[in-house]
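K.L.:
Just dropping this structure here.
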Amino acid sequence: MMFVTVTACLVILIGLYGIVTSRQVVKTILCMNLVQTAVILLLLSLASRTGSAIPIIGMGTGGMVDPLPQAMMITAIVIGASVTALGLFMSGKLFHYYGSLDWRVIFHKDTFERTD
Amino acid sequence: MDPLMILMAVLCVALLIAALMTLITENNFRLILYFAAFSLTAAGLYMLLYAPDIALAEIAVGCAFVPLIYTIAVMKQTTLNVVVRCAGSEQCDCYMNPERLEAFMEEIGRFCDLYGLEARLVGGLEGKVTTVAGIFRPSSPDLLIDYDPVQDLIRVEGNENNCLIESLERWLNQTPGVAFVGVGVSENEEVEA
């Protein structure tokens, strides 16, 4: 599954580029989500190299894949959803405080206030 | 070649396309839809990587729950919460003529239409909400409307850091009988709160 690993790495790079360059707060949070999904995909693709059966005893023939990364990743999905909810709550508060969700407006207002 | 490998390659290409579309889209609602498609494709890949339980969790969380909370958050970011603190009965000190209040709210509604916002009247908060400043508060009022019977003025209170409220201030300066009060937050006040 070499090409799945490569795809996961490419999506991580795409997500990092989005985090750095996006101007909307919501889009930044969404790109963070993108990276999180891609990391799960990367670890699963690495774990699936050890066998070719789902990790249930009695299912399939040959060695099963490593079940430990799968148990970790199911936790990571839930944590990612919680982090998303927290970030969206903070973005709503930022909107009601600054009246805009553009990073440039938010940073400009902040520096303006400090020099004042 | 194994048909499962071909399916996997197709899903990988779809994943890359969905991620790139997420990167170049600026519309918030389209962004959410592309992310849901991305999650669905990733769930298919998990299934092919011998992890059916993670595919199930990804479909439930990444494809349904996360787009739902994104939609709720984006919809909340187009509302302007207005709190009216004038009393409705004539015995109170700050009684304001309801027709005048309605005319004033229409004025705010015209401003909101200009900026693509939606004005929402928050009721039942009399006495609880004292200020509009500060980021972390239990509720997020953007405008407080008071009435001063001595000077016959409608007093509008807004956070002066908010650039929408700044535009509203310029808009209201042309209206007679309305005074705008800007409230800012210094760091000391934030600590006390």
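Here, A, B, ... name the chains of the structure tokens in the order displayed, residue numbers run from 1 inside each chain, and ligands are numbered from 1 in the same displayed order.
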Hey, could you make a per-residue contact list for chain B against chain A with 9 Å as the cut-off, showing the nearest pair of atoms and its distance in Å to one decimal, counting only C-alpha atoms, sorted by chain and number, as a tab-separated table?
P.N.:
residue	atom	partner	partner_atom	distance
B:Met5	CA	A:Met1	CA	8.4
B:Met8	CA	A:Val4	CA	7.9
B:Ala9	CA	A:Phe3	CA	7.6
B:Cys12	CA	A:Thr7	CA	6.3
B:Val13	CA	A:Thr7	CA	8.1
B:Leu15	CA	A:Thr7	CA	8.0
B:Leu16	CA	A:Val11	CA	6.6
B:Ala19	CA	A:Val11	CA	6.6
B:Leu20	CA	A:Ile14	CA	7.2
B:Thr22	CA	A:Cys31	CA	8.0
B:Leu23	CA	A:Gly18	CA	6.0
B:Ile24	CA	A:Gly18	CA	8.8
B:Glu26	CA	A:Lys27	CA	8.1
B:Asn28	CA	A:Lys27	CA	7.6
B:Leu31	CA	A:Lys27	CA	7.7
B:Ile32	CA	A:Leu30	CA	8.2
B:Phe35	CA	A:Leu30	CA	7.7
B:Phe38	CA	A:Leu34	CA	8.3
B:Ser39	CA	A:Thr37	CA	7.6
B:Ala42	CA	A:Leu41	CA	7.3
B:Leu45	CA	A:Leu41	CA	7.8
B:Tyr46	CA	A:Leu41	CA	7.0
B:Leu49	CA	A:Ser48	CA	6.0
B:Tyr50	CA	A:Ile54	CA	4.7
B:Ala51	CA	A:Ile54	CA	6.4
B:Pro52	CA	A:Ile54	CA	7.7
B:Asp53	CA	A:Ile74	CA	7.9
B:Ile54	CA	A:Ile74	CA	5.7
B:Ala57	CA	A:Ile74	CA	7.0
B:Glu58	CA	A:Ile77	CA	6.9
B:Val61	CA	A:Ala81	CA	7.0
B:Gly62	CA	A:Ala81	CA	7.5
B:Phe65	CA	A:Ala81	CA	8.0
B:Val66	CA	A:Ala81	CA	6.4
B:Ile69	CA	A:Ala85	CA	6.9
B:Tyr70	CA	A:Leu88	CA	7.2
B:Ala73	CA	A:Leu88	CA	6.3
B:Val74	CA	A:Val26	CA	8.0
B:Lys76	CA	A:Gly92	CA	7.2
B:Gln77	CA	A:Gly92	CA	6.2
B:Leu80	CA	A:His96	CA	8.1
B:Asn81	CA	A:His96	CA	8.9
B:Val132	CA	A:Tyr97	CA	8.8
B:Ala133	CA	A:Tyr97	CA	7.6
B:Gly134	CA	A:Tyr97	CA	7.3
B:Ile135	CA	A:Tyr97	CA	6.0
B:Phe136	CA	A:Lys93	CA	7.1
B:Arg137	CA	A:Lys93	CA	8.8
B:Ser140	CA	A:His96	CA	6.6
B:Pro141	CA	A:His96	CA	7.9
B:Asp142	CA	A:His96	CA	6.6
B:Asn159	CA	A:Tyr97	CA	7.2
B:Glu160	CA	A:Tyr98	CA	8.7
B:Asn161	CA	A:Tyr98	CA	5.6
B:Asn162	CA	A:Tyr98	CA	4.0
B:Cys163	CA	A:Gly99	CA	5.2
B:Leu164	CA	A:Gly99	CA	5.1
B:Ile165	CA	A:Gly99	CA	7.3
B:Ser186	CA	A:Glu113	CA	9.0
K.L.:
How far is it from CA of Tyr147 (chain B) to CA of Arg85 (chain B), in Å with one decimal?
P.N.:
7.9 Å
K.L.:
In terms of the shortest atom-to-atom distance over only C-alpha atoms, which of B:Leu48, B:Val156, B:Leu40, B:Cys112 is closest to Ile6 (chain B)?
P.N.:
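Comparing B:Leu48, B:Val156, B:Leu40, B:Cys112 against Ile6 (chain B), the winner is B:Leu48.
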K.L.:
Looking only at alpha helix (DSSP H) from DSSP on the backbone, list the matching residues of region 1-115 of chain A as a ChimeraX atom specification.
P.N.:
/A:2-21,25-47,67-98,103-115
K.L.:
Would you compute the distance between CA of Gly177 (chain B) and CA of Phe111 (chain B)? Give it in Å to one decimal.
P.N.:
17.3 Å
K.L.:
As a VMD selection string, please: every residue in region 2-113 of chain B that a backbone DSSP assignment puts in strand (DSSP E).
P.N.:
chain B and resid 79 to 84
K.L.:
Could you write out that same residue set with C-alpha atoms as an mmCIF file, in the first residue's frame?
P.N.:
data_model
loop_
_atom_site.group_PDB
_atom_site.id
_atom_site.type_symbol
_atom_site.label_atom_id
_atom_site.label_comp_id
_atom_site.auth_asym_id
_atom_site.auth_seq_id
_atom_site.Cartn_x
_atom_site.Cartn_y
_atom_site.Cartn_z
ATOM 1 C CA THR B 79 -26.200 37.101 13.199
ATOM 2 C CA LEU B 80 -26.055 40.384 15.090
ATOM 3 C CA ASN B 81 -27.402 39.984 18.627
ATOM 4 C CA VAL B 82 -29.328 43.055 19.773
ATOM 5 C CA VAL B 83 -30.426 43.443 23.395
ATOM 6 C CA VAL B 84 -33.113 46.034 24.163
#
K.L.:
Considering only C-alpha atoms, can you say which of B:Ala18, B:Ala60, B:Gly182, B:Arg30 comes closest to Ala43 (chain B)?
P.N.:
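Closest to Ala43 (chain B), using only C-alpha atoms: B:Ala60.
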K.L.:
Please compute the CA of Leu101 (chain B)-CA of Phe180 (chain B) distance, one decimal, in Å.
P.N.:
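Interatomic distance, CA of Leu101 (chain B) to CA of Phe180 (chain B): 15.4 Å.
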K.L.:
Which is closer to Asp152 (chain B) than all the others in B:Glu107, B:Met1, B:Arg100, B:Leu117, using only C-alpha atoms?
P.N.:
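So, comparing all the options, the nearest one is B:Arg100.
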K.L.:
Just checking: using only C-alpha atoms, which residue out of B:Ile108, B:Val150, B:Val183, B:Ala36 ends up closest to Ser167 (chain B)?
P.N.:
B:Ile108
